[in-house]
Structure formats: structure tokens, C-alpha cells
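Asks: I am attaching a structure below and will ask some questions about it afterwards.
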Amino acid sequence: MKWISDTVISTLELAKELSLSREEYEYICGKLARKPNVAELGIFSSMYSEHCSYKSSRKYLKRFPTSGKRVLQGPGENAGIVDIGHGYAVAFKMESHNHPSFIEPYQGAATGVGGILRDIFTMGARPIALMDSLCFGDPRNSKTPSLVRGVVKGIGDYGNAVGVPTVAGQTFFHSCYNQNPLVNAFALGLVKTTDIYRGNATGIGNVVVYVGAKTGRDGVHGATMSSKEFSSEEELARPTVQVGDPFTEKLLLEATLEAMSEKLMVGIQDMGAAGLTSSSFEMAHRAGTGLSLDLDKVPTRETEMSAYELLLSESQERMLLVCEPKNLDRLRQVYEKWDLHAEVIGEVIGGGRVLMQKNGMTVVDLPVELVTDPPKVERPLMAPSDLKQRWFVDRNKLLLGSLEKKFESVFEATSFANPEPIIQQYDSMVGNRTEGDSFEDAAVLRVREIPGKNVRLALTVDGNPRVSWLWPLEGGRRAIAEAAINLALKGTQSIGVTDCLNFASPENPETVWQFSETVEGISIACEALGIPVISGNVSLYNETDGKPIYPTPMIGMVGLSEGKEKVRPSAFHSSSLDLALVGLPEGGIGGSLLASQWFQRDCGQPEETDLKSLVRTLNFLSKIKTKKFDYAIHDISDGGLLLAALEMAFYSRLNGLGIEISIPREVDVDAFLFGETVPRILVAYDTTESTEVEMLANQAGIKFTAIGSVNEQGQLVVKQGGAKVLQRDLAQLKTKWDQRLRGFF
Amino acid sequence: MRVGVITFPGSNCDEDCSFSLGQLEGVEVSRLWHKDTASLGELDLIVLPGGFSYGDYLRTGAMAAISPIMSAVKEYASRGGRVFGICNGFQILCESGLLPGALVKNQKLGFICKEVTIEVGDPSPWTAPLSTGTQLKLPIAHGEGRFVVDPTTYSEMKKHGQIAFRYLEDLNGSFEKIAGITNREKNVCGMMPHPERAADLKSRDGMKIWNALLRQVREKA
């Protein structure tokens, strides 16, 4: 946009240029009984954007179960908060930084981490863990390697420097992300239940204080950018991407937590998307107050910034807080100790309006509610007409294929790879509470602050875009089911969910249908398990040049346990074990990795996750964890049983392991070895415990099938009716699996 | 035993070090702020923890090496006081001249976080009673942990038994696989691996280093 004076009266043409619709502009003019000026129009443009307003999605999000006896803060704040007992709670949230990461992978990912960390510590919580979920395009696409490198380095450099461990994650490759990689970052913090802060501008007469980095022109209009589709030229939009400084973030984190420990503020919010605009209006909105701000007081690092730019800058590492005047001096001292400056830029007023002065003139005078509550957009929804075709699988073609070829086809998938080249770039241990390894089904953290109780948190991210595209409802349901299983495998019980809902343009009725179905699937599963959704984020318009991404709901889930039980590994702990399948002997081929690899397109109707059997499986896991004997345990997901068994061997510290699997007589071979229905679990234990494991499964009412053993012979052997039908050297397979991601770095 | 743990702006293992050392019987931890300069003489040991002091801007450890507390630390060391640097703390000790050599970007450039095996090098109070060749499993987490030193200094270091730890395998391109060193007088020690992260989770070999610290102080007392 060409530079226009802040106070110039806006036009419909300009409003459209700033992504407001005619209806929205007319609504604003009607409510104000005047046309907004340019600075005000900038405010509406950001706050009415999908990214800030959830105007298309809010209606559906209401469906989520959000309450529970542990919930101290549900959706609507910077992060949700769940009570973990003994006077402590955890604050967590997951957020996307997709668009910026496409434009500039390193900074986009880095500032994604910075933003989610600020969301956590503004609640008064000290961040203790990060996770990420990454979706990249086809690995053969020329752009993919540099995106992978940039994003991973961005996440690592930021999290490592701030000193918050990145403890788990998920990486998925699919051509639907060629032009739209997804970068979803999750953060969790620990807070005493008595020390929770919120983003409220309460107390008329209190002062509004700006802390942190100075404001520049970077990121002006980032929120609007994230709310429309891309054309490839927009890679040239680099100036709208923010630049992160983890050192300032670390200072801001320490200073803010120190000021909070002295109760020096009443409310605080990150200046994230739409910067000063969203933080000021949202804080006033939550408190039912108004604000008067002097924009000339905003610390800047560039000269002659207009109100429009000051309001929409997305410069990083800045916070807005509200403080009682009597605490101001001490607050300043605390920030100055950390070499940061706290600047008073205004005060809390009554009357529900935000007034802003610049050069002695009022440049903004708007009612809070008009800005924070845009008219909802009713978007038509429609199921795709080609679902039947998507669901069609030619089982005969599959039946004719050899087991050898089928195994090769799933084994060769890029997503089946040793994640070490990625995870070793992240400091997963700083904070000295990480118990497990980053490749595990879930990360396990010890809560040292609660002494003598062995309180542990388990964290996982999950999502299956392939299933979501074929059947969005099942995609949502399955993501919750898999996450809950992963947490239970580590001996914990789920206490809350955060989600990142990544979708294409809501202007396409199919996207809206996908969204609505996904939310339904997540809700059904959460209700069945009694897990509340406490925070989340919606990212729409993930399409470039008309190519939409798959619906990609990413679930972040947190589990809790207390007690002396050991955390069981997913890796084989011995070279002489029995191997059993707990759960359905056969999994569905629809939506499986095998179907995609075999037919070179994602196809088939995914099998429904049976929530009753899910609950029974979770019961089984809660029983077996209390037993004294050692066992290794891993869930079967992407790729099916064989790949799950291979992972258990590959992650083991023991060398020369072999696996022998016998296909039970009554099963369909493909469904047994490659099916992906949830929940199915592999357990490996000493022969002497066999009856005990079987009994536990029987008591829980789930199927138990002894399927083979772990040995020292260094081979993967599959037998059918006593005859070998597949044999592979495990060390050779492991080498391939090890190398798969190395090429990116 | 009184241990001082310094916090520089950007330190992020200060809490972990304080917690881990504070678990030891008879250890009292004082937290020191980089702008403090008062009475280090009371302390039996000063620890410079890991992290990204000053964001690693300019060069790792370069800014922290000239922060106010460091002149007091140098003075403390010159009087024979014990100073221990871990990771970024090691980098700061090299930058401030308390230890020889320098730490530069890992050979393959990337950050590496993993559990590695190191072995005890020359005998020193920092490792006694562990004998040379004793293997320890400790985590590393650094992007700039490749120790470099000129050949003349290295032969001096060897002569004086200043190589405290070596990696078992070449991880980051460190000269002679060096993971930790001491000064000639053996009262200053720096290492890249993190003993404080291996005191009660996964590997517990960090305890062996903490116990050596305790023993060192008690024997001197």
C-alpha cells in the first residue's frame, strides 16, 4: 500500500485493498456513523482478518468440549490452563506459523516458537517444553530440502537459545504441502495455581506499559497476509515476515516472570499477530474497559512511523502490560535489571473505547466491541462430490501383489525415517527434566517442583492428514485416539488437548465441510475420553495457486501421572522377548500408507476408530503399567504392524536384534501386516510374562494375539503357515532408515 | 561447601546447575548476578553455567567475558579459587583467557544434542578419583563446541596434564577430540558436556563429576 496519512478518510476501494469485504466495510461505517480513517481501517483490516477474528470458524469451534474439573482456563486466553494438583498447573497451546515459514523458513519458524513461548509466559507460566509438528512437500520437490533445513534450524536456534527444550515432534511429507509447508509449534509452561495471569486491562486509572524490543516496520500486516491464499509471487513478500531475537525473548521471559513473582502487574499480553492493535483491543475487551494510548510514546527503531505502521507492526519480543501506578517504579527496575525498558504508553479508561493520540491528535477512536466482534461469516459447506472415487480401492490388484513388494513400498516412504538428523538439532534436555527420548511415542517430563510425588507429564503431537482428506471426521477422531494412546503408553492419563487446525480457503465449501467434520470428530473422541480442548489455533487459506493442502488437524495432548511406576520404552530392551498384538488382529487398508504407496494416490475409506475399544485399550494400558516386569510397548500407526515392529528394533540400544512374526491363520495378510485401524498395540516381554499379559488383555476385554518373538538373529522374518514369506536383514534396513533424512542436512 | 552459580543475561543452565548441585549433601548454592562483584572470596567454587550469554552475539562467550563479575572471577582464580565452566561457561573461560584455546562452530555446523561417551584424560583434582580412561556418559548440547588450539600451546597443555576429558569419537571436529581442559594450575576447568543434566535422569555419570568437586574441596579444607 502506498503511504497515506493516518487521518485521511478511507474508501471502499482502500478497504478492499486491505482485504475487508464490502459488507464488512459498510457494517463498520454503519456502526460508527462515519467512515473510519486510514489508521482505523488498518485496525479493522487486521482484527477482522480470519487469523485474528475466527469469523468463519468460531461457529464450529463452539462444538468442542472445553470444560472439566481440572480446567482453570479454557479457550479465549493466550493459553489454556489445566490443574495438575499439589498447587501447580500447566499452561499450553499450539499455534501455526505456516505462511511466514513458507515465505522465509528460518525466521518464520523461529518467530513461531517465540510467539508460542510468549503466549505461555504471559499466563505466568515458565515454559518447560516445546514440540513441533511439521508438514513438508514431496521430498523430491526442489524446494523441500531448503524448507526443511530452514525450518528445523529456525526452531532449534530459537528454542535452544531461550533454553526451553524441544522434546518431541512429528514430520510428515506429502505433495499437498509443496507450496504450503505447515509449521505448528506447541509450548507448555508450569505455573502455581495462585500465580496465574491473564490478558486483562482491568482497573481504570492503571497504566499501560510497553516492554521489550522496539517497534519497526517488520511484519506490518502479517495477520492479513495469513488470511488469504498465496500466489507464488508472494514469496517476494519477505518484508511482512518478522525477525526473531531469542536473546531478547529470554530477557523478556526472565524479567516478566520476576515482575510477576512480585505481583507488579495486573494483566499482560504478547504483541503477536496484529501487534499493538490486537493486544490493546483484546485486553480491553476481556476486562470490559477502554484504553487511551499515546502512540508517540511507543519505542521505535525506525523514524517517522505512522500510526498505521505502529499499530500493525509485528516486530517480535514485545509485550503490553497493565500495572497499578504505585508499582510502576519497581516494575521499571525489574525490567532494567534485565536491560529492558518499560515505557508507559497510556492508561486504562472507562467507556469501552480505545483512543489513540499521535502528534497531539486523536487518530483512533473506536468502540472495543466493534473491533473485537466482527460480523460472523456464514460460509456454505459441501461434501466433496468425489468421495466415492477417493474411497475406491481395487482390492484385487492388492491381492495380486507380492508381500515383498508391499513391504518395500511402505518401507520406502520418506516419513518412515530416523528423525535423529532433526531432533539432535534441538536441545531436548535443557531444564533437566526430560526423562525419555525425543523419538518416543510421547515425551516424558518430570515435575521437580512437586517433590516426593513422582509427578510426570507426557506430551505428544498427532495428526494424520491422509486420513483427514479421505474422511475428515475420522481424521479428527483418530488424531485424538492416537494421542491418547501415546500418552497412555508412557503411563499417563490425558488431561487436555490443544489443536492447530490447518485448512485451505474457507471460501471453498469443501474446506468448510472438512472443517466442520474435523471438529466433530475431535469432539466425539474428546467426549468419549473426557478430555477438554483448552486452547488452539485455526489456520485457513493454506493454498497456493489454487492448490489446497489436505485438511490437517494437529493435536497436542498432555498426560499426567503420579507414582513410582517405570516409564516403559518403545524400544526392545532385550534380545529374547515374546511379541504380542493387543487390539484388533486386522487393521483397515483404506487410508493406509500401503494403499497410498501401492496405488500412488491416497485412497480407500479409513476404518472408524471404535471409541469403546479405545477406552478398553486405555484401561489395559493403565493396568499393565502397574506391573513390575519390564516390557517394551509401541502403537501401530502409519505403515502398520511391520513398520511399528521395525521401529522397536531400530530404536533399541541393542545390536544384532532379529524379529520373527507369524501371520495368524485366520487373518487377511495385508490387513494384519499393513492395516492402520486404531488402536492396535505391540507389546514385547519376557516369555515368562506371557500369560499375565494375555490375562490383562482378556480382563480389559481386548483381543490378544501372540504374533512372534524378538531374537538375536539379525533378521526380519515373516512366516505364514510355518513357511518364510519375507526375510530381510535388519541392519541393512536400519541403514536405509537412518539415511533417509540425512540428505536434507 | 559454598558454590556460586553465575547468571549472565542469556544463561539457561543456571537453574539446572543450581538445582543439581543443591541436591548434594553439604552443598549450599548462591546465585550470582553478572553485575555483582562482591565477595567471591567466601566461595569454595564458582560455576559458569551453559546457555547463550548475550545471545552468542559477536562470538560465543565474548560479551560475558567482559561483564562486571568476570574481573572478580579472574581475581578469584588468580588467588587459587576453583572455577568450573560448562558449555557456554567453558566458552566464556576461554574468551576471558582463564583457559587456553577457543571454541568454534562444530565441524558439520549444526547444533548437536545427544548423549555421548567421554573419557577422563590427564589426572586432575576435577576428576579424582576417576582414573585416566574412565568412560562417562554425558549429554552434549552445543553448536560451537569444537575446541581449537595452536600446536605449541597444545604441547604445553599436554606437558602439564591439562587435557581433562576427550570424546570417545569425533563429534564436532574438536582438536584431539578434546571435550574439557584445565589451566596449568588446575584450579580452572571447562568442559562442553553437561554433568548437571546427568545427575538423576537417564545417565547418572554427572554425579561422578559432582563427587569429584566435593572431594576436591574437602581435601583442600
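Here's how to read the names in the C-alpha cells: chain A, B, ... by the order shown, residue numbers from 1 in each chain, ligand numbers from 1 in the order shown.
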Using only C-alpha atoms, I'd like a table of the residues in chain B that come within 7 Å of chain A; for each, show the closest atom pair and its distance in Å rounded to one decimal, ordered by chain and ascending number, as a tab-separated table.

Replies:
```
residue	atom	partner	partner_atom	distance
B:Pro9	CA	A:Leu251	CA	6.8
B:Gly10	CA	A:Phe247	CA	6.2
B:Asn12	CA	A:Gly163	CA	5.2
B:Cys13	CA	A:Val430	CA	6.8
B:Asp16	CA	A:Gly431	CA	5.9
B:Gly51	CA	A:Ala161	CA	6.7
B:Phe52	CA	A:Ala161	CA	5.5
B:Tyr54	CA	A:Phe247	CA	6.5
B:Gly55	CA	A:Phe247	CA	4.7
B:Gly110	CA	A:Gln425	CA	6.6
B:Phe111	CA	A:Gln425	CA	4.8
B:Ile112	CA	A:Gln424	CA	5.2
B:Cys113	CA	A:Gln424	CA	4.7
B:Lys114	CA	A:Gln424	CA	6.3
B:Ala141	CA	A:Asp427	CA	5.9
B:Arg197	CA	A:Asn432	CA	5.3
B:Leu201	CA	A:Glu435	CA	6.0
B:Lys202	CA	A:Glu435	CA	6.6
```

Asks: Based on the selection just made, write C-alpha atoms of those residues as an mmCIF file, in the first residue's frame.

Replies:
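Writing the result to selection.cif gives the following:
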```
data_model
loop_
_atom_site.group_PDB
_atom_site.id
_atom_site.type_symbol
_atom_site.label_atom_id
_atom_site.label_comp_id
_atom_site.auth_asym_id
_atom_site.auth_seq_id
_atom_site.Cartn_x
_atom_site.Cartn_y
_atom_site.Cartn_z
ATOM 1 C CA PRO B 9 21.909 -12.493 30.536
ATOM 2 C CA GLY B 10 21.082 -15.476 28.326
ATOM 3 C CA ASN B 12 19.922 -21.018 30.625
ATOM 4 C CA CYS B 13 21.536 -23.833 32.589
ATOM 5 C CA ASP B 16 19.745 -26.705 36.331
ATOM 6 C CA GLY B 51 23.371 -21.153 27.841
ATOM 7 C CA PHE B 52 23.571 -18.419 25.255
ATOM 8 C CA TYR B 54 24.304 -12.301 25.259
ATOM 9 C CA GLY B 55 22.610 -14.445 22.629
ATOM 10 C CA GLY B 110 24.772 -27.841 13.078
ATOM 11 C CA PHE B 111 23.791 -27.912 16.705
ATOM 12 C CA ILE B 112 24.191 -31.346 18.315
ATOM 13 C CA CYS B 113 22.186 -32.540 21.288
ATOM 14 C CA LYS B 114 22.776 -36.145 22.317
ATOM 15 C CA ALA B 141 24.097 -29.682 23.540
ATOM 16 C CA ARG B 197 21.887 -32.974 33.216
ATOM 17 C CA LEU B 201 17.828 -38.741 34.797
ATOM 18 C CA LYS B 202 18.946 -41.342 32.240
#
```

Asks: Considering only strand (DSSP E) as DSSP defines it on the backbone, what residues of stretch 514-568 of chain A qualify? List them as a list in words.

Replies: Val533, Ile534, Ser535, Gly536, Asn537, Val538, Ser539, Glu543, Thr544, Lys547, Pro548, Thr552, Pro553, Met554, Ile555, Gly556, Met557, Val558, Gly559, Leu560, Ser561 and Glu562 of chain A

Asks: Which residues of stretch 106-195 of chain B come within 10 Å of stretch 38-48 of chain B, and for each one, what is the closest pair of atoms and their distance in Å to one decimal, counting only C-alpha atoms, sorted by chain and residue number, as a tab-separated table?

Replies:
```
residue	atom	partner	partner_atom	distance
B:Asn187	CA	B:Leu45	CA	9.6
B:Val188	CA	B:Ile46	CA	9.5
B:Cys189	CA	B:Val47	CA	9.7
B:Gly190	CA	B:Leu48	CA	9.0
```

Asks: Interatomic distance between atom CA of A:Glu95 and atom CA of A:Leu257?

Replies: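 Spanning atom CA of A:Glu95 to atom CA of A:Leu257 is a straight-line distance of 21.9 Å.
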